[in-house]
Amino acid sequence: MPSKAGTTRLVIVESPAKAKTISGYLGPGYVVEASFGHVRDLPRNAADVPAKYKGEPWARLGVDVDNGFHALYVVSADRRQQISKLVKLAKEVDEIFLATDEDREGEAIAWHLVETLKPKVPVKRMVFHEITKPAIQAAVANPREIDRDLVDAQEARRILDRLYGYEVSPVLWKKVMPKLSAGRVQSVATRIVVERERQRMAFRTAEYWDILATLAVANAGEGPRTFNATLVALNGDRIATGKDFEPTTGRVKAGAGVVHLDSGGARGLAARLEGRPFTVTRVEEKPYRRRPYAPFITSTLQQEAARKLRFSSQQTMRTAQRLYENGYITYMRTDSVNLSETAIAAARRQIVELYGERSVPPEPRRYTGKVKNAQEAHEAIRPAGDNFRTPGDVAKELSAEEFKLYELIWRRTIASQMTDAVGSSVSVRIRAVSSAQEEADFGATGKTITDPGFLRAYVESSDDENAEAEDAERRLPNLVKDQPLTADELAAQGHHTQPPSRYTEASLVKALEELGIGRPSTYASIMQTIQDRGYVTKRGQAMIPTFLAFAVIGLLERHYPRLIDYDFTASMENELDEIAGGDHAAVDFLTAFYFGSANGAGDQDIARSGGLKKLVTENLNEIDARSVNSIPLFTDDEGREVVVRVGRYGPYLQRAVPGEQQAPAAEGEEGGGQGDRAPIPEGLAPDELTPEKVHELFLGGGGERKLGDDPATGEPILLKSGRFGPYVASGERKSSLLRSQSPDSLTFDEALKLLSLPRVVGLAPDGAEVLANNGRYGPYVKRGDEFRSLDSEEKMFTVTLDEALALLAAPKARQRRAAAPPLREMGVDPLTEKPLVIKDGRFGPYVTDGETNASLRRGQTPEALSIEEASEMLAEKRAKGPAPKKTAAKKAPAKKAPAKKATAAKKTAAATKSTAAKKTTTAKATTAKKAPAKKAAPRKATTSPD
């Protein structure tokens, strides 16, 4: 679409990839440039605060809470070069189009660009939900103004999250551990995972039995001759199944009125039914009909990509972002299930081409979303364009990851406009009378699909991996009432009740969505944040809370329950939606939340308590650090209370008799308590700390276990547990267990051998001792400063002097390896124009431009990392400047302690970890605005100079 004659327009988008795609759709007269995402934010730390504001009491927050919640925004250090470029371009054009994403974050970025660039030419907002030539041309032809209500809502969210994090996190630092964080949504998400783990810890399994009968019909005809039926009732009373047991006791629920069969009861009944006649007592046939699933929204896409493709939420959104920016799919952050008329027509045409006219219903299908406050004006996620490209059409253009996700989206979209799956379902009851005159009823169900309809294109997965697929058929013989059957086999089968399944990223996103917590743009970042903060780890797909998460959630539940209440958090989302719709003033909302001015806005419980500021200040002294860092488990057979303590070096077990004198512990310290201790192995889930496992851990090195007395010295040999694992000790001698040894199976003789280390092998010709020992890098022999590795741990005890001398005489194996090739060559950095590559380093993969290195964050993979993400990571690393170098300690004067070496490396590593945890590929918008005149007095964000 050519620009007007003589007119030059600057189009600003977020990413270089989007800029490249869009520039191909616009004619001469258009300059398309990227902002590289957000250009301004609240200060991240004190160093970001401009000098003129450092003395302000609100500078720590970056928000002037006493003056209308004015926000202090600073241009990100890694964006200054690009902003300078955009400022220059803005002076050379006649018009500016802000083409950022169509959601609140995109609206906020557009507003920040205006505030930062301060252009002298007209500025217009262009929006689109797909990057295709018709969509871009239509957006240019139909621009609008920036929607201040959307900006206002995004700013309110950003300030709200800043207030929550900056006021609540220091409480965690003082009472749990330094450098922890709390967040309005992340803490609620963590609570959900912790509550599920508590349910699993409290769960007590129950055993129940039934009978599986393999029944046969005579003259089956075309149908199957045999089928399976399960015992469902005995003498009219229902047989107990898993749902009939109390999860915390393993007992049958009161009033359940069921027959609980054990192993003997089931086997005995099966024996009494042997050879007895079986008769069909009831046959019920019903039509089966299944409607298609709605097209994808952000949450359902993440859920299905996790189930079918094993993608993390971050991986799904990164891949979808690339597909969107390159014109393959529509915008991927949406909570609307709507399809445009154009999309419906494209889907129906393609269905006819691929599956025939019978697969298209007479009328197009319309879907209604179940998400609270869904933006129904938006579209669902679908293939882009007026004519969908099949997966085969795009296979050669996409990476393996992109292809899988595109195919998933294409299939779901096509299926949503296809006919229902239809068939029939059959329910059958069969009775047999045992030799003891017991009436045993068996049940069987069948399903036959006569027309698969949409199931030809798409079958949704389930979080329950054992669930039957919806397109699966269970065929039964043609049965009629009173038909005789014979039992080919009667097998008693036992079952155990199962604890509730742990959340996966997919099911946690679903839970948050159902609670009305979070929004499409935040789900992926929530999943990543709770993992980066150390609150949740993943085992396969399962999300397991750490004991640190238990301590944090325990503190918040006891002292700030409203802050992690599900309804409260959802109500805040609703109020933000009302601000976005122009029905609520952001200042009133923030004032009620922070100061507690109950004026009809904000949460009344928080308001009545005096607001967040008063809440966290007044309650601080009531919080007992030792109590919140103790997670009770159970009382053992000897009456000792077993608890998990969360200490600065990690969680550990402690047990003591109630009332036993406890040594006091300072805040944040592990001390206190004279009972036995045992370390908790890394990777052990909280629900795995059963009484049996705890006993094993204490036996295996927690507390102390005497193995015997040293025959040479008479001193006891003890098995102990230390910070770095189990070890044996006798007098002043200590030795760690070998890698091949287990504490619970360590023998007295093995302990004696360990205490013989370091072993004197003999004397070298020059009189120097030759030693064999175990070290950080494995077993070795040593003479003076010369070391050589041994090829096995056993060699430490058997190597001879001659063998040791031969090893020491041989040259060290230090052949320099050729430099390994990079894991991936990415292309040119759009900011510095230097080539970027991903290499494998000592601490994992990292991206580099030859001068600056940035380690890949948790969840990032070399294959999936985009060049924009890589550029952003390196820019962030450059902005921090070089890490301080360690300086050698000065020689201390006589009688003075030597100066300590600087711990710069440690501090830099901690800062990097903190930054990595905060930055996610789905960045949060940061905005400021003028309040509507009708709601509050006009206000303006305080902006620091560039």
# chains A, B, ... in the order shown; residues from 1 in each chain; ligands from 1

$ residues_around --residues "region 129-140 of chain A" --least-positions-apart "2" --cutoff "9 Å" --atoms "only C-alpha atoms" --output "PyMOL selection string"
chain A and resi 1+18+21-22+24-26+97+99+101-102+125-127+142-143+324-332+378-379+383-386

$ residues_around --residues "region 113-121 of chain A" --least-positions-apart "2" --cutoff "8 Å" --atoms "only C-alpha atoms" --output "compact mmCIF listing (two decimals) with C-alpha atoms, in the first residue's frame"
# COMPACT_ATOMS: atom_id res chain seq x y z
CA VAL A 39 11.09 1.01 26.13
CA ILE A 83 15.37 5.06 21.18
CA LEU A 86 13.70 6.19 16.62
CA VAL A 87 13.94 9.84 17.76
CA ALA A 90 10.66 10.56 13.97
CA LYS A 91 12.17 13.91 12.93
CA VAL A 93 8.99 11.52 8.66
CA ASP A 94 5.58 13.15 8.18
CA GLU A 95 3.52 10.68 10.19
CA ILE A 96 4.03 7.92 12.74
CA ILE A 109 4.07 0.31 24.66
CA ALA A 110 2.51 2.65 22.09
CA TRP A 111 1.81 5.24 24.79
CA VAL A 123 0.76 9.90 15.59

$ select_by_dssp --residues "region 49-119 of chain A" --states "alpha helix (DSSP H)" --output "list in words"
Arg80, Gln81, Gln82, Ile83, Ser84, Lys85, Leu86, Val87, Lys88, Leu89, Ala90, Arg104, Glu105, Gly106, Glu107, Ala108, Ile109, Ala110, Trp111, His112, Leu113, Val114, Glu115, Thr116 and Leu117 of chain A

$ closest_atom_pairs --of "region 424-497 of chain A" --to "region 280-303 of chain A" --cutoff "7 Å" --atoms "only C-alpha atoms" --output "JSON lines"
{"residue": "A:Ser424", "atom": "CA", "partner": "A:Pro287", "partner_atom": "CA", "distance": 4.3}
{"residue": "A:Ser425", "atom": "CA", "partner": "A:Lys286", "partner_atom": "CA", "distance": 5.3}
{"residue": "A:Val426", "atom": "CA", "partner": "A:Glu285", "partner_atom": "CA", "distance": 4.4}
{"residue": "A:Ser427", "atom": "CA", "partner": "A:Glu284", "partner_atom": "CA", "distance": 5.1}
{"residue": "A:Val428", "atom": "CA", "partner": "A:Val283", "partner_atom": "CA", "distance": 4.7}
{"residue": "A:Arg429", "atom": "CA", "partner": "A:Arg282", "partner_atom": "CA", "distance": 5.1}
{"residue": "A:Ile430", "atom": "CA", "partner": "A:Val280", "partner_atom": "CA", "distance": 4.4}
{"residue": "A:Arg431", "atom": "CA", "partner": "A:Val280", "partner_atom": "CA", "distance": 6.5}
{"residue": "A:Phe454", "atom": "CA", "partner": "A:Pro292", "partner_atom": "CA", "distance": 6.1}
{"residue": "A:Val480", "atom": "CA", "partner": "A:Val283", "partner_atom": "CA", "distance": 6.4}
{"residue": "A:Lys481", "atom": "CA", "partner": "A:Val280", "partner_atom": "CA", "distance": 5.2}
{"residue": "A:Asp482", "atom": "CA", "partner": "A:Val280", "partner_atom": "CA", "distance": 5.0}
{"residue": "A:Gln483", "atom": "CA", "partner": "A:Val280", "partner_atom": "CA", "distance": 5.2}
{"residue": "A:Pro484", "atom": "CA", "partner": "A:Val280", "partner_atom": "CA", "distance": 6.5}

$ write_last_selection --atoms "C-alpha atoms" --output "JSON list (two decimals), in the first residue's frame"
[["chain", "number", "residue", "atom", "x", "y", "z"],
["A", 424, "SER", "CA", -24.24, -45.05, 19.87],
["A", 425, "SER", "CA", -23.39, -46.03, 23.42],
["A", 426, "VAL", "CA", -24.59, -49.20, 25.12],
["A", 427, "SER", "CA", -24.85, -49.99, 28.85],
["A", 428, "VAL", "CA", -25.37, -53.64, 29.85],
["A", 429, "ARG", "CA", -26.09, -55.30, 33.20],
["A", 430, "ILE", "CA", -25.48, -59.03, 33.73],
["A", 431, "ARG", "CA", -26.35, -61.14, 36.77],
["A", 454, "PHE", "CA", -14.57, -33.56, 13.51],
["A", 480, "VAL", "CA", -30.63, -58.68, 24.38],
["A", 481, "LYS", "CA", -32.37, -59.02, 27.74],
["A", 482, "ASP", "CA", -32.43, -62.56, 29.21],
["A", 483, "GLN", "CA", -29.65, -63.69, 26.88],
["A", 484, "PRO", "CA", -27.52, -66.43, 28.51]]

$ residues_around --residues "Arg456 (chain A)" --least-positions-apart "3" --cutoff "10 Å" --atoms "only C-alpha atoms" --output "list of chain:residue names"
A:Tyr355, A:Ser359, A:Arg411, A:Ala415, A:Met418, A:Ala421, A:Asp451, A:Pro452, A:Gly453, A:Val459, A:Asp471

$ write_last_selection --atoms "all heavy atoms" --output "mmCIF file, in the first residue's frame"
data_model
loop_
_atom_site.group_PDB
_atom_site.id
_atom_site.type_symbol
_atom_site.label_atom_id
_atom_site.label_comp_id
_atom_site.auth_asym_id
_atom_site.auth_seq_id
_atom_site.Cartn_x
_atom_site.Cartn_y
_atom_site.Cartn_z
ATOM 1 N N TYR A 355 -12.171 -33.215 3.355
ATOM 2 C CA TYR A 355 -12.986 -34.259 3.970
ATOM 3 C C TYR A 355 -14.346 -34.454 3.295
ATOM 4 O O TYR A 355 -15.093 -35.354 3.677
ATOM 5 C CB TYR A 355 -13.212 -33.934 5.453
ATOM 6 C CG TYR A 355 -11.924 -33.833 6.246
ATOM 7 C CD1 TYR A 355 -11.396 -32.592 6.601
ATOM 8 C CD2 TYR A 355 -11.229 -34.973 6.628
ATOM 9 C CE1 TYR A 355 -10.217 -32.484 7.332
ATOM 10 C CE2 TYR A 355 -10.046 -34.881 7.354
ATOM 11 C CZ TYR A 355 -9.543 -33.634 7.692
ATOM 12 O OH TYR A 355 -8.384 -33.546 8.405
ATOM 13 N N SER A 359 -18.856 -33.331 5.732
ATOM 14 C CA SER A 359 -18.172 -32.986 6.974
ATOM 15 C C SER A 359 -18.399 -31.542 7.402
ATOM 16 O O SER A 359 -17.885 -31.114 8.440
ATOM 17 C CB SER A 359 -16.661 -33.242 6.832
ATOM 18 O OG SER A 359 -16.400 -34.616 6.632
ATOM 19 N N ARG A 411 -5.313 -27.919 12.825
ATOM 20 C CA ARG A 411 -6.272 -29.008 13.045
ATOM 21 C C ARG A 411 -7.410 -28.571 13.961
ATOM 22 O O ARG A 411 -8.573 -28.880 13.721
ATOM 23 C CB ARG A 411 -5.560 -30.231 13.642
ATOM 24 C CG ARG A 411 -4.705 -30.985 12.645
ATOM 25 C CD ARG A 411 -4.146 -32.263 13.247
ATOM 26 N NE ARG A 411 -3.426 -33.042 12.252
ATOM 27 C CZ ARG A 411 -4.000 -33.851 11.371
ATOM 28 N NH1 ARG A 411 -5.320 -33.989 11.374
ATOM 29 N NH2 ARG A 411 -3.284 -34.520 10.483
ATOM 30 N N ALA A 415 -11.266 -28.431 12.762
ATOM 31 C CA ALA A 415 -12.211 -29.289 13.482
ATOM 32 C C ALA A 415 -13.359 -28.479 14.071
ATOM 33 O O ALA A 415 -14.493 -28.968 14.159
ATOM 34 C CB ALA A 415 -11.486 -30.060 14.576
ATOM 35 N N MET A 418 -16.362 -28.419 11.783
ATOM 36 C CA MET A 418 -16.816 -29.675 11.180
ATOM 37 C C MET A 418 -18.063 -30.210 11.893
ATOM 38 O O MET A 418 -18.516 -29.656 12.904
ATOM 39 C CB MET A 418 -15.682 -30.715 11.217
ATOM 40 C CG MET A 418 -14.506 -30.354 10.314
ATOM 41 S SD MET A 418 -13.125 -31.526 10.398
ATOM 42 C CE MET A 418 -13.827 -32.954 9.589
ATOM 43 N N ALA A 421 -19.321 -35.628 15.956
ATOM 44 C CA ALA A 421 -19.063 -37.065 15.923
ATOM 45 C C ALA A 421 -20.309 -37.751 16.484
ATOM 46 O O ALA A 421 -20.818 -37.358 17.534
ATOM 47 C CB ALA A 421 -17.846 -37.408 16.770
ATOM 48 N N ASP A 451 -20.130 -42.034 12.601
ATOM 49 C CA ASP A 451 -19.583 -40.950 11.783
ATOM 50 C C ASP A 451 -18.639 -40.142 12.664
ATOM 51 O O ASP A 451 -19.080 -39.430 13.577
ATOM 52 C CB ASP A 451 -20.699 -40.046 11.246
ATOM 53 C CG ASP A 451 -20.159 -38.943 10.333
ATOM 54 O OD1 ASP A 451 -18.916 -38.839 10.178
ATOM 55 O OD2 ASP A 451 -20.967 -38.168 9.790
ATOM 56 N N PRO A 452 -17.326 -40.215 12.436
ATOM 57 C CA PRO A 452 -16.379 -39.522 13.315
ATOM 58 C C PRO A 452 -16.450 -38.008 13.232
ATOM 59 O O PRO A 452 -15.997 -37.319 14.135
ATOM 60 C CB PRO A 452 -15.014 -40.050 12.862
ATOM 61 C CG PRO A 452 -15.232 -40.543 11.486
ATOM 62 C CD PRO A 452 -16.649 -41.007 11.405
ATOM 63 N N GLY A 453 -16.991 -37.457 12.144
ATOM 64 C CA GLY A 453 -17.106 -36.005 12.033
ATOM 65 C C GLY A 453 -15.777 -35.312 12.286
ATOM 66 O O GLY A 453 -14.754 -35.628 11.670
ATOM 67 N N VAL A 459 -8.481 -34.729 17.914
ATOM 68 C CA VAL A 459 -8.952 -35.371 19.140
ATOM 69 C C VAL A 459 -8.213 -34.707 20.299
ATOM 70 O O VAL A 459 -6.985 -34.704 20.340
ATOM 71 C CB VAL A 459 -8.677 -36.884 19.152
ATOM 72 C CG1 VAL A 459 -9.179 -37.503 20.450
ATOM 73 C CG2 VAL A 459 -9.335 -37.547 17.953
ATOM 74 N N ASP A 471 -11.949 -40.803 20.451
ATOM 75 C CA ASP A 471 -12.253 -41.502 19.205
ATOM 76 C C ASP A 471 -12.111 -43.021 19.355
ATOM 77 O O ASP A 471 -12.215 -43.761 18.375
ATOM 78 C CB ASP A 471 -11.353 -41.006 18.068
ATOM 79 C CG ASP A 471 -9.878 -41.220 18.343
ATOM 80 O OD1 ASP A 471 -9.519 -41.483 19.511
ATOM 81 O OD2 ASP A 471 -9.074 -41.110 17.401
#

$ residues_around --residues "Leu790 (chain A)" --least-positions-apart "3" --cutoff "10 Å" --atoms "only C-alpha atoms" --output "mmCIF file with N, CA, C and O atoms, in the first residue's frame"
data_model
loop_
_atom_site.group_PDB
_atom_site.id
_atom_site.type_symbol
_atom_site.label_atom_id
_atom_site.label_comp_id
_atom_site.auth_asym_id
_atom_site.auth_seq_id
_atom_site.Cartn_x
_atom_site.Cartn_y
_atom_site.Cartn_z
ATOM 1 N N ALA A 772 47.515 -41.994 48.656
ATOM 2 C CA ALA A 772 46.314 -42.263 47.862
ATOM 3 C C ALA A 772 45.129 -41.687 48.636
ATOM 4 O O ALA A 772 45.029 -41.874 49.854
ATOM 5 N N ASN A 773 44.247 -40.996 47.915
ATOM 6 C CA ASN A 773 43.137 -40.334 48.611
ATOM 7 C C ASN A 773 41.984 -40.122 47.638
ATOM 8 O O ASN A 773 42.099 -40.367 46.424
ATOM 9 N N ASN A 774 40.885 -39.642 48.198
ATOM 10 C CA ASN A 774 39.702 -39.321 47.400
ATOM 11 C C ASN A 774 39.514 -37.816 47.434
ATOM 12 O O ASN A 774 39.596 -37.186 48.490
ATOM 13 N N GLY A 778 37.518 -37.118 42.271
ATOM 14 C CA GLY A 778 37.651 -38.566 42.279
ATOM 15 C C GLY A 778 38.941 -39.032 42.941
ATOM 16 O O GLY A 778 39.714 -38.242 43.498
ATOM 17 N N PRO A 779 39.221 -40.331 42.874
ATOM 18 C CA PRO A 779 40.409 -40.900 43.541
ATOM 19 C C PRO A 779 41.699 -40.493 42.826
ATOM 20 O O PRO A 779 41.712 -40.325 41.606
ATOM 21 N N TYR A 780 42.804 -40.373 43.615
ATOM 22 C CA TYR A 780 44.075 -39.932 43.025
ATOM 23 C C TYR A 780 45.239 -40.413 43.888
ATOM 24 O O TYR A 780 45.058 -40.841 45.034
ATOM 25 N N VAL A 781 46.445 -40.335 43.288
ATOM 26 C CA VAL A 781 47.681 -40.522 44.050
ATOM 27 C C VAL A 781 48.458 -39.212 44.006
ATOM 28 O O VAL A 781 48.337 -38.434 43.054
ATOM 29 N N PHE A 787 49.927 -34.704 41.151
ATOM 30 C CA PHE A 787 48.713 -35.521 41.318
ATOM 31 C C PHE A 787 48.476 -36.317 40.042
ATOM 32 O O PHE A 787 48.745 -35.831 38.933
ATOM 33 N N GLU A 793 37.656 -46.134 42.486
ATOM 34 C CA GLU A 793 37.743 -45.831 43.914
ATOM 35 C C GLU A 793 38.475 -46.934 44.670
ATOM 36 O O GLU A 793 39.205 -46.672 45.635
ATOM 37 N N GLU A 794 38.291 -48.169 44.239
ATOM 38 C CA GLU A 794 38.932 -49.299 44.928
ATOM 39 C C GLU A 794 40.449 -49.193 44.864
ATOM 40 O O GLU A 794 41.157 -49.658 45.771
ATOM 41 N N LYS A 795 40.988 -48.564 43.811
ATOM 42 C CA LYS A 795 42.439 -48.459 43.649
ATOM 43 C C LYS A 795 43.095 -47.666 44.777
ATOM 44 O O LYS A 795 44.290 -47.806 45.030
ATOM 45 N N MET A 796 42.323 -46.806 45.462
ATOM 46 C CA MET A 796 42.892 -46.047 46.584
ATOM 47 C C MET A 796 43.417 -46.991 47.660
ATOM 48 O O MET A 796 44.372 -46.671 48.373
ATOM 49 N N VAL A 799 46.352 -49.760 45.313
ATOM 50 C CA VAL A 799 47.451 -49.352 44.445
ATOM 51 C C VAL A 799 48.781 -49.544 45.173
ATOM 52 O O VAL A 799 48.917 -49.230 46.372
ATOM 53 N N ALA A 804 51.942 -46.539 41.704
ATOM 54 C CA ALA A 804 51.758 -45.115 41.960
ATOM 55 C C ALA A 804 52.900 -44.302 41.360
ATOM 56 O O ALA A 804 52.682 -43.257 40.734
ATOM 57 N N LEU A 807 52.553 -44.041 37.627
ATOM 58 C CA LEU A 807 51.535 -43.049 37.265
ATOM 59 C C LEU A 807 52.094 -41.635 37.393
ATOM 60 O O LEU A 807 51.917 -40.784 36.519
#

$ atom_distance --atom1 "CA of Gly165 (chain A)" --atom2 "CA of Ala870 (chain A)"
27.2 Å
